[in-house]
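*Asks:* Sharing a structure below in structure tokens format, with a few things to ask.
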Protein chains: 2
Amino acid sequence: MTRERARELAEELVSLMTVEERAGQLRFDAPAIERLGVPAYNWWNEALHGVARGGTATSFPQAIGMAAMFDDALLEEIAAAISTEARAKYNALSAEGDRDIYHGLTMWSPNINIFRDPRWGRGHETYGEDPYLTARLGVAFVRGLQGEGKTLRTAACAKHFAVHSGPEALRHSFDAAATAKDMEETYLPAFRALVGAGVEAVMGAYNRTNGEPCCASAALMKKLRGDWGFQGHFVSDCWAIRDFHEQHRITASPVESVSLALKAGCDLNCGCTYEHVLHALELGKIGEEDITRSAVRLFTTRFLLGTLGEEGSEYDAVPYTAVECEAHLALAHRAALESCVLLKNDGLLPLDPARCGTIGVIGPNANSRAALIGNYHGTASRYVTVLEGVQDLAAGKCRVLYSEGCALSKDRVEPLAQPGDRLAEAAAVAKNSDVVLLVLGLDETLEGEEGDTGNSYYSGDKEDLLLPESQRLLLERVLDAGKPTAVILTAGSAIDLSAAQERANAVLLSWYPGAGGGRAVAELLFGEASPSGKLPVTFYKNEALEELPDFTDYSMANRTYRYYGGTPLYPFGYGLTYGRCSVVSLAANRQAARLTVRNDGARGTDDVVELYLRDEGSPFAPPNPVLCGFRRIHLEPGEERTLEIALDADAFTVVNDAGERVPGSGRWRLYAGFGAPDARTEALTGERARSVAMMQ
Amino acid sequence: MTRERARELAEELVSLMTVEERAGQLRFDAPAIERLGVPAYNWWNEALHGVARGGTATSFPQAIGMAAMFDDALLEEIAAAISTEARAKYNALSAEGDRDIYHGLTMWSPNINIFRDPRWGRGHETYGEDPYLTARLGVAFVRGLQGEGKTLRTAACAKHFAVHSGPEALRHSFDAAATAKDMEETYLPAFRALVGAGVEAVMGAYNRTNGEPCCASAALMKKLRGDWGFQGHFVSDCWAIRDFHEQHRITASPVESVSLALKAGCDLNCGCTYEHVLHALELGKIGEEDITRSAVRLFTTRFLLGTLGEEGSEYDAVPYTAVECEAHLALAHRAALESCVLLKNDGLLPLDPARCGTIGVIGPNANSRAALIGNYHGTASRYVTVLEGVQDLAAGKCRVLYSEGCALSKDRVEPLAQPGDRLAEAAAVAKNSDVVLLVLGLDETLEGEEGDTGNSYYSGDKEDLLLPESQRLLLERVLDAGKPTAVILTAGSAIDLSAAQERANAVLLSWYPGAGGGRAVAELLFGEASPSGKLPVTFYKNEALEELPDFTDYSMANRTYRYYGGTPLYPFGYGLTYGRCSVVSLAANRQAARLTVRNDGARGTDDVVELYLRDEGSPFAPPNPVLCGFRRIHLEPGEERTLEIALDADAFTVVNDAGERVPGSGRWRLYAGFGAPDARTEALTGERARSVAMMQ
């Protein structure tokens, strides 16, 4: 169905409603209008890395992990699978009369905010710190969710528009100040790209940006609907309109907040402030046309979904058994394999289970289901922790010993014990083992969203980049045992792993790899597959927090790999494999790079060719080369391939201080390798990468 | 080492201590006395169904489940395994300098209180409602823990002495009133039996009994040390001595509480009130000999354990790798198989996975690790939930769908959703399945101990015998789907499952089957083994709570199978198998019963021959026949065996109103079957059981 036809149908339907009925439809929990055959509909659903909070669903790696795949084709397949499960659930549950929250077809995903500061608790919901990567992945996700059918498979939502990345503690009252240059260069490109890709909804952020609340910002709305031509509906973040009068104090009452938001073009209210819409109408603060306009937009989406009208949707036939079907679980497994990032390996990995003897698996996240799933997750029917994955692959070949080692962040496991009450056990396990796998990190109770139950750690943000002290003590104690040790990190953001980098034999970052992700981690540890993920964020050293702008400062100066002048622990784009891939030749024009790559290692592997461009003449260019293309490839040992990789046209532009995107200097250098060109590790420099100068 | 020799060594060592040093040794966290080479020692450790709270350990079924095995030989093996793991941990952790709580050799297990009232939250820590069964199992557990070596493998502790079974909310101030007859007939026999078996420690209860606080009761201590000749040490329940002045208000100050307890013979203080021992001495409330007496008893235990002195213990060589070794895990698996009780089966079970098509596994405990372990548990390195067990056995044969179905006891899973937010999904799963496994029940957050974190459900007790309302609604909704359905109950106490009994095809009680117990449950469901557990408690209907004495009334009248006059849902001793075992002949004298049993079923099975005796002439005899012997057997299809089962001598006595155990009437009837003779089910009556009259 075309948008035009859906809009006609929506206008027709809305024209039959009383104004009271129209007003009621602007709430996220829209009631039924039985006389018009309109069923109740709850707009709130989540799909960040699987249908979330709505019961059983396939659990994919957390978004930040999926970004580390650098694989937009796979991400689109995943989003399609998520969307199909949402349809399956919608079909079955609405047939049971359940049209409640988390069971609908309007998915408030993806989160395409830029992971600007490593302390942000919600950074793991994003695709990282780079606008180009975020845009490409966001577009893939939207395409996967929405599909290319006659009707929308589900509706995607680009959030949080715009300029939103903590601090969580301040989000309801904070005013993010972003320069025009940073807006165009960093904060807006992904939103523009998703609008270009036809995203059906956009969600406004809690905070203000440059003085205006994001859910009623004239400046932002002008970009969105004016400059970019957004045709879908706009939804507030949850209870964000209440924040106008209660937190931001830019309005004096709910009625004023409603009026401001509705007139600005916020069509749907997640929250309950729009209960005051009719009151605002009575007071003459809004006109009936303001209500009608938003109602029509919302019903346009519902017609596009095929949930109203006689024609229905081709997805009405999706059976309940699509949920967690074999194909979707296989996708999740592949995603987990692609997302893990090998950060260090002195040769310990891959392990040969036949030669391991006794493996000691230690750490608070070794057997933790929470450490598999991040936040905004569904319910899996099978969790495989790292410990369980190792046990399954080691079965019959070696003994696996286990110690929790410490509490996730408390100083002891048992309230009545002395601090460090599992350290002696951890040491005993290490000493009785031939190799140690130490699983450390965070989970959604330590990094997450303000207001989430249980998350009381700086309102969800991290105070610093260190592991909790309990885990630092465990790391030292285990390393002191002197056994070959690999550290596995489960986290969704930069952690300073300097101690592990210095003293452990290997470090593998698994992110939150999805419910079954422990199996994939074990397969990587045992060499059944090669790690191939790349960091979508800079892993700073903790001291870098002294150099970065304040957490509340939205200036990009000295933030993220494009602008950071210091030496990170692990740079953006970084990730090792069990192969040894090189770029052996490189040529390029403005449309594409042509390069030959070869795997000189002894093992086949996926790897990611990354292309970066630096404008060497413009005063407006970021200081460091900028990602402008990438391609995931697989190379068997000795295999050589020639590739052509399209280059992003925007890469040849710069953004001036007025925020205008203008042509660059005409003098560029293109870098091709398996990491960012500023990487300080052998794998990413020297003979394994190439660069070439380009002139207009 | 003999007790006499250990006592000599203890006396010698204590004689070298100052009185201050002696006093300090009466605390559960006894400090080191370096000049005498005495290391610090924390007396508090737990071993209810595996080393608890001290890190990784093999996880056996909760005590109530192990009681349902009716297999004292296996229980003794299990206790030996637990004790060996405690030694392994003690050896390794003390070598690391960790001598903290939960890492020592004095295990405050078993809990041999009588599960008097089905509401008691700690009932699942016990061996049920029958004194004979409790005594036999408690003795086996003590033998297993303590071993028969030169030194004690670990020291066991009989708790809580005496007359202790809730309500939890009142335990710190409550006075349990028990008649002399109920004391001798019900509350004391197991304690006497364990003292006879050489239990090294006895723990006093929180409450008062007949006016005296149990940790300083002259009447109870006279029984214990006077009548029964108890030689070990006596420990207070934790912070129970503080209760004397703060809760019971039978003393006016800590010093008075200390004096009362120490003079009564409470040697060791779990808590900190004994910090006032020296003050009590200064005030002349106690003498130095009171301190010395207890110190000598405590050091006698330490010498018996071989942890002091030059000789050491033969168990010093137990390696760390004994923890969760294959043999112990196999024992836990066997225990789980033996403990599950099949309560109903219309023929649905066992399932044939090759013919199941799609199995729907539904319920809040289907994939719950907490539902595997009860309370007082260790940390397992592998949990297998019921869902995981079913998935593993069904792999490659049938599809398994899953729905959580509902929250354990809250009315919704997602805070923002409507109540029953997983019911539609559960219905969809049921309708898409060929057979449904519905896993309902409790966990330690719903039945447990007063003061435990997270347990806020009537201070740990149950208000009634019903499942939480969320689960009752789920049960109805799933049964309404009309698919063949088996209900699996995870709980540690009587639950009124009338709706399941009426409408489901099968009901299997798994108790809390241990960390790996879901595998065993699945094996039973799929017929890889036959259920064979028997109820160690009466499963009353909820209405029975109107008939039973008040929860605070410790009278046994109309309580438990020996005295209850009503019709239970499932009687004590009840449990079905996949076989069909009968008693085909029976003869008996006062020493033993001789009987022939045969399995006429199509499947081999374990089953439990149960012997009950009723005194048909004495006015002091309990109204119903009383368990006086049992034997677990295995019978292949068509197999017939003749057995001789020893009879308990006490079975031929009665207890008069003065609490004296006297000879019975001389006219008895002995019943032999596979359940209690008052059972109302076909399996336990008619041609499958036998009785015989006996005369003196």
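Residue numbering restarts at 1 in every chain; chains get A, B, ... in the order shown in the structure tokens, and ligands count up from 1 in that same order.
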Show me, as an mmCIF file with N, CA, C and O atoms, in the first residue's frame, the residues of chain A whose atoms get within 8 Å of chain B, using only C-alpha atoms for the distance check.

*Replies:*
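result.cif written:
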data_model
loop_
_atom_site.group_PDB
_atom_site.id
_atom_site.type_symbol
_atom_site.label_atom_id
_atom_site.label_comp_id
_atom_site.auth_asym_id
_atom_site.auth_seq_id
_atom_site.Cartn_x
_atom_site.Cartn_y
_atom_site.Cartn_z
ATOM 1 N N ARG A 53 10.759 -7.664 26.030
ATOM 2 C CA ARG A 53 9.789 -7.481 27.122
ATOM 3 C C ARG A 53 8.412 -8.062 26.806
ATOM 4 O O ARG A 53 7.471 -7.851 27.577
ATOM 5 N N GLY A 54 8.301 -8.724 25.692
ATOM 6 C CA GLY A 54 6.989 -9.230 25.289
ATOM 7 C C GLY A 54 6.926 -10.744 25.314
ATOM 8 O O GLY A 54 6.122 -11.329 24.613
ATOM 9 N N GLY A 55 7.779 -11.367 26.098
ATOM 10 C CA GLY A 55 7.754 -12.821 26.183
ATOM 11 C C GLY A 55 8.885 -13.444 25.391
ATOM 12 O O GLY A 55 9.905 -12.806 25.104
ATOM 13 N N THR A 56 8.687 -14.683 25.016
ATOM 14 C CA THR A 56 9.732 -15.460 24.359
ATOM 15 C C THR A 56 10.066 -14.884 22.988
ATOM 16 O O THR A 56 9.171 -14.517 22.224
ATOM 17 N N LYS A 89 3.990 -12.978 17.021
ATOM 18 C CA LYS A 89 3.443 -12.761 18.358
ATOM 19 C C LYS A 89 2.173 -11.920 18.273
ATOM 20 O O LYS A 89 1.181 -12.202 18.953
ATOM 21 N N ALA A 92 -0.703 -14.115 17.047
ATOM 22 C CA ALA A 92 -1.211 -15.096 18.014
ATOM 23 C C ALA A 92 -1.823 -14.425 19.231
ATOM 24 O O ALA A 92 -2.871 -14.851 19.732
ATOM 25 N N LEU A 93 -1.199 -13.365 19.711
ATOM 26 C CA LEU A 93 -1.667 -12.772 20.961
ATOM 27 C C LEU A 93 -2.911 -11.922 20.735
ATOM 28 O O LEU A 93 -3.807 -11.895 21.580
ATOM 29 N N GLU A 96 -5.785 -13.977 20.844
ATOM 30 C CA GLU A 96 -6.178 -14.306 22.218
ATOM 31 C C GLU A 96 -6.776 -13.108 22.931
ATOM 32 O O GLU A 96 -7.044 -13.154 24.131
ATOM 33 N N GLY A 97 -6.920 -11.992 22.212
ATOM 34 C CA GLY A 97 -7.513 -10.806 22.827
ATOM 35 C C GLY A 97 -6.516 -9.931 23.556
ATOM 36 O O GLY A 97 -6.887 -8.992 24.259
ATOM 37 N N ASP A 98 -5.219 -10.243 23.401
ATOM 38 C CA ASP A 98 -4.196 -9.465 24.103
ATOM 39 C C ASP A 98 -3.588 -8.461 23.134
ATOM 40 O O ASP A 98 -2.863 -8.826 22.213
ATOM 41 N N ASP A 100 -1.887 -5.681 24.333
ATOM 42 C CA ASP A 100 -1.252 -4.856 25.358
ATOM 43 C C ASP A 100 0.156 -4.420 24.914
ATOM 44 O O ASP A 100 0.647 -4.784 23.837
ATOM 45 N N ILE A 101 0.760 -3.650 25.777
ATOM 46 C CA ILE A 101 2.125 -3.175 25.581
ATOM 47 C C ILE A 101 3.069 -4.332 25.230
ATOM 48 O O ILE A 101 2.916 -5.444 25.722
ATOM 49 N N TYR A 320 2.659 -18.630 14.787
ATOM 50 C CA TYR A 320 3.336 -18.438 16.065
ATOM 51 C C TYR A 320 4.672 -19.173 16.099
ATOM 52 O O TYR A 320 5.628 -18.724 16.738
ATOM 53 N N THR A 321 4.755 -20.255 15.396
ATOM 54 C CA THR A 321 5.970 -21.074 15.431
ATOM 55 C C THR A 321 7.171 -20.399 14.772
ATOM 56 O O THR A 321 8.278 -20.937 14.814
ATOM 57 N N ASN A 367 28.944 -17.619 34.527
ATOM 58 C CA ASN A 367 27.706 -18.402 34.457
ATOM 59 C C ASN A 367 26.490 -17.508 34.634
ATOM 60 O O ASN A 367 25.461 -17.923 35.153
ATOM 61 N N SER A 381 14.283 -19.066 25.364
ATOM 62 C CA SER A 381 13.959 -20.373 25.920
ATOM 63 C C SER A 381 15.221 -21.189 26.156
ATOM 64 O O SER A 381 15.148 -22.298 26.673
ATOM 65 N N ARG A 382 16.363 -20.622 25.794
ATOM 66 C CA ARG A 382 17.615 -21.292 26.159
ATOM 67 C C ARG A 382 18.695 -20.243 26.323
ATOM 68 O O ARG A 382 18.944 -19.461 25.402
ATOM 69 N N LEU A 387 30.349 -20.272 30.599
ATOM 70 C CA LEU A 387 30.715 -21.515 31.282
ATOM 71 C C LEU A 387 30.043 -22.711 30.625
ATOM 72 O O LEU A 387 30.687 -23.733 30.356
ATOM 73 N N GLU A 388 28.756 -22.577 30.364
ATOM 74 C CA GLU A 388 28.033 -23.700 29.758
ATOM 75 C C GLU A 388 28.572 -24.009 28.362
ATOM 76 O O GLU A 388 28.696 -25.177 27.966
ATOM 77 N N LEU A 401 36.692 -26.807 35.854
ATOM 78 C CA LEU A 401 36.448 -26.345 37.220
ATOM 79 C C LEU A 401 35.865 -24.937 37.153
ATOM 80 O O LEU A 401 36.135 -24.186 36.219
ATOM 81 N N TYR A 402 35.117 -24.577 38.169
ATOM 82 C CA TYR A 402 34.442 -23.280 38.140
ATOM 83 C C TYR A 402 34.494 -22.601 39.490
ATOM 84 O O TYR A 402 34.310 -23.241 40.517
ATOM 85 N N SER A 403 34.737 -21.316 39.459
ATOM 86 C CA SER A 403 34.535 -20.488 40.646
ATOM 87 C C SER A 403 33.920 -19.161 40.228
ATOM 88 O O SER A 403 34.368 -18.542 39.265
ATOM 89 N N GLU A 404 32.915 -18.747 40.968
ATOM 90 C CA GLU A 404 32.301 -17.433 40.721
ATOM 91 C C GLU A 404 33.333 -16.318 40.914
ATOM 92 O O GLU A 404 33.261 -15.272 40.285
ATOM 93 N N GLU A 414 28.740 -13.498 50.039
ATOM 94 C CA GLU A 414 27.899 -13.795 51.193
ATOM 95 C C GLU A 414 27.929 -12.621 52.165
ATOM 96 O O GLU A 414 29.014 -12.202 52.591
ATOM 97 N N LEU A 416 27.576 -12.238 55.245
ATOM 98 C CA LEU A 416 28.233 -12.369 56.547
ATOM 99 C C LEU A 416 29.717 -12.669 56.443
ATOM 100 O O LEU A 416 30.418 -12.727 57.445
ATOM 101 N N ALA A 417 30.191 -12.843 55.223
ATOM 102 C CA ALA A 417 31.602 -13.212 55.045
ATOM 103 C C ALA A 417 32.488 -11.978 55.012
ATOM 104 O O ALA A 417 32.020 -10.843 54.948
ATOM 105 N N GLN A 418 33.785 -12.224 55.070
ATOM 106 C CA GLN A 418 34.755 -11.157 54.882
ATOM 107 C C GLN A 418 34.766 -10.765 53.398
ATOM 108 O O GLN A 418 34.384 -11.558 52.540
ATOM 109 N N ASP A 421 35.311 -13.090 49.552
ATOM 110 C CA ASP A 421 35.093 -14.441 50.081
ATOM 111 C C ASP A 421 35.159 -15.543 49.029
ATOM 112 O O ASP A 421 35.050 -16.714 49.385
ATOM 113 N N ARG A 422 35.318 -15.197 47.756
ATOM 114 C CA ARG A 422 35.502 -16.247 46.740
ATOM 115 C C ARG A 422 36.903 -16.193 46.123
ATOM 116 O O ARG A 422 37.200 -16.952 45.200
ATOM 117 N N ALA A 424 39.843 -16.975 47.453
ATOM 118 C CA ALA A 424 40.660 -18.167 47.740
ATOM 119 C C ALA A 424 40.222 -19.325 46.856
ATOM 120 O O ALA A 424 41.050 -20.080 46.335
ATOM 121 N N GLU A 425 38.909 -19.454 46.676
ATOM 122 C CA GLU A 425 38.412 -20.511 45.790
ATOM 123 C C GLU A 425 38.909 -20.286 44.368
ATOM 124 O O GLU A 425 39.336 -21.228 43.682
ATOM 125 N N ALA A 427 41.573 -18.791 43.431
ATOM 126 C CA ALA A 427 42.995 -19.136 43.387
ATOM 127 C C ALA A 427 43.168 -20.648 43.356
ATOM 128 O O ALA A 427 43.999 -21.181 42.612
ATOM 129 N N ALA A 428 42.368 -21.351 44.153
ATOM 130 C CA ALA A 428 42.463 -22.818 44.174
ATOM 131 C C ALA A 428 42.098 -23.391 42.810
ATOM 132 O O ALA A 428 42.758 -24.320 42.314
ATOM 133 N N VAL A 429 41.061 -22.863 42.205
ATOM 134 C CA VAL A 429 40.668 -23.341 40.875
ATOM 135 C C VAL A 429 41.779 -23.064 39.867
ATOM 136 O O VAL A 429 42.148 -23.934 39.067
ATOM 137 N N ASN A 432 44.629 -25.414 40.264
ATOM 138 C CA ASN A 432 44.319 -26.787 39.857
ATOM 139 C C ASN A 432 44.002 -26.905 38.376
ATOM 140 O O ASN A 432 43.532 -27.952 37.926
#

*Asks:* When DSSP is applied to the backbone of this structure, which of region 430-585 of chain B are assigned alpha helix (DSSP H)? Write them out as a PyMOL selection string.

*Replies:* chain B and resi 430-431+469-480+498-503+517-525+560-563

*Asks:* I'd like to know which residues of region 326-375 of chain A are strand (DSSP E) (by DSSP, run on the backbone); could you write them as an mmCIF file with C-alpha atoms, in the first residue's frame?

*Replies:*
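The resulting file, part-v2.cif, is shown below:
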data_model
loop_
_atom_site.group_PDB
_atom_site.id
_atom_site.type_symbol
_atom_site.label_atom_id
_atom_site.label_comp_id
_atom_site.auth_asym_id
_atom_site.auth_seq_id
_atom_site.Cartn_x
_atom_site.Cartn_y
_atom_site.Cartn_z
ATOM 1 C CA VAL A 341 36.298 -8.868 19.303
ATOM 2 C CA LEU A 342 39.667 -10.452 20.008
ATOM 3 C CA LEU A 343 41.667 -7.729 21.737
ATOM 4 C CA LYS A 344 44.839 -9.595 22.618
ATOM 5 C CA ASN A 345 46.263 -13.008 21.795
ATOM 6 C CA THR A 358 41.790 -28.995 33.244
ATOM 7 C CA ILE A 359 40.194 -25.679 32.358
ATOM 8 C CA GLY A 360 39.391 -23.278 35.152
ATOM 9 C CA VAL A 361 36.464 -21.018 34.349
ATOM 10 C CA ILE A 362 36.308 -18.178 36.829
#

*Asks:* If you count only C-alpha atoms, which residues fall within 6 Å of region 198-206 of chain B, apart from same-chain ones fewer than 3 positions away, as a CSV table (one decimal) with C-alpha atoms, in the first residue's frame?

*Replies:*
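That gives us selection-v3.csv:
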chain,number,residue,atom,x,y,z
B,155,ALA,CA,31.1,-32.7,62.3
B,156,ALA,CA,27.3,-32.8,61.9
B,157,CYS,CA,24.8,-30.9,64.0
B,158,ALA,CA,21.3,-31.9,64.9
B,159,LYS,CA,19.0,-28.8,64.8
B,160,HIS,CA,17.0,-27.1,66.0
B,161,PHE,CA,16.7,-28.6,69.4
B,171,ARG,CA,10.4,-17.4,66.1
B,172,HIS,CA,12.4,-14.9,68.1
B,194,LEU,CA,21.1,-38.7,66.2
B,195,VAL,CA,22.7,-38.5,69.6
B,214,CYS,CA,15.8,-23.6,73.7
B,215,CYS,CA,19.4,-22.4,73.9
B,232,GLY,CA,29.6,-33.1,71.8
B,233,HIS,CA,29.1,-29.4,71.9
B,234,PHE,CA,26.0,-27.3,71.9
B,235,VAL,CA,25.7,-24.2,69.6
B,236,SER,CA,23.1,-21.5,69.7
B,237,ASP,CA,21.1,-20.6,66.6
B,240,ALA,CA,19.3,-16.5,69.4

*Asks:* Nearest to Leu372 (chain B): which of B:Ala68, B:Ala506, B:Val386, B:Cys356 is it, counting only C-alpha atoms?

*Replies:*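 Among the listed residues, the smallest separation from Leu372 (chain B) belongs to B:Val386.
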
*Asks:* Contacts of Pro31 (chain B) at 9 Å or less, counting only C-alpha atoms, minus same-chain residues fewer than 3 places along, as a VMD selection string?

*Replies:* chain B and resid 21 24 to 25 27 38 to 42

*Asks:* Quick one: write out the picked residues with C-alpha atoms as an mmCIF file, in the first residue's frame?

*Replies:*
data_model
loop_
_atom_site.group_PDB
_atom_site.id
_atom_site.type_symbol
_atom_site.label_atom_id
_atom_site.label_comp_id
_atom_site.auth_asym_id
_atom_site.auth_seq_id
_atom_site.Cartn_x
_atom_site.Cartn_y
_atom_site.Cartn_z
ATOM 1 C CA GLU B 21 41.526 -16.512 75.328
ATOM 2 C CA GLY B 24 37.107 -15.717 72.854
ATOM 3 C CA GLN B 25 36.947 -19.306 71.663
ATOM 4 C CA ARG B 27 32.422 -17.284 69.550
ATOM 5 C CA VAL B 38 45.780 -22.343 67.284
ATOM 6 C CA PRO B 39 44.559 -20.963 63.958
ATOM 7 C CA ALA B 40 41.433 -18.882 63.592
ATOM 8 C CA TYR B 41 38.355 -20.985 63.046
ATOM 9 C CA ASN B 42 34.872 -20.053 61.909
#

*Asks:* Give me, as CSV, the closest atom pair and its distance (Å, one decimal) for every residue of region 464-550 of chain A within a cut-off of 9 Å of region 125-128 of chain A, counting only C-alpha atoms, rows sorted by chain and rising number.

*Replies:*
residue,atom,partner,partner_atom,distance
A:Gly492,CA,A:Glu125,CA,8.2
A:Ser493,CA,A:Gly128,CA,8.9
A:Leu535,CA,A:Gly128,CA,8.4
A:Pro536,CA,A:Gly128,CA,4.9
A:Val537,CA,A:Gly128,CA,5.3
A:Thr538,CA,A:Gly128,CA,8.9

*Asks:* In Å, with one decimal, what is the gap from CA of Leu627 (chain A) to CA of Ile488 (chain A)?

*Replies:* 27.4 Å

*Asks:* List as a PyMOL selection string the protein and nucleic acid residues near Gly518 (chain A), meaning an atom at most 12 Å away when only C-alpha atoms are counted, but skip any in the same chain fewer than 3 places from it.

*Replies:* chain A and resi 61+332-333+336-337+340+365-373+382-393+439+488-490+509-515+521-525
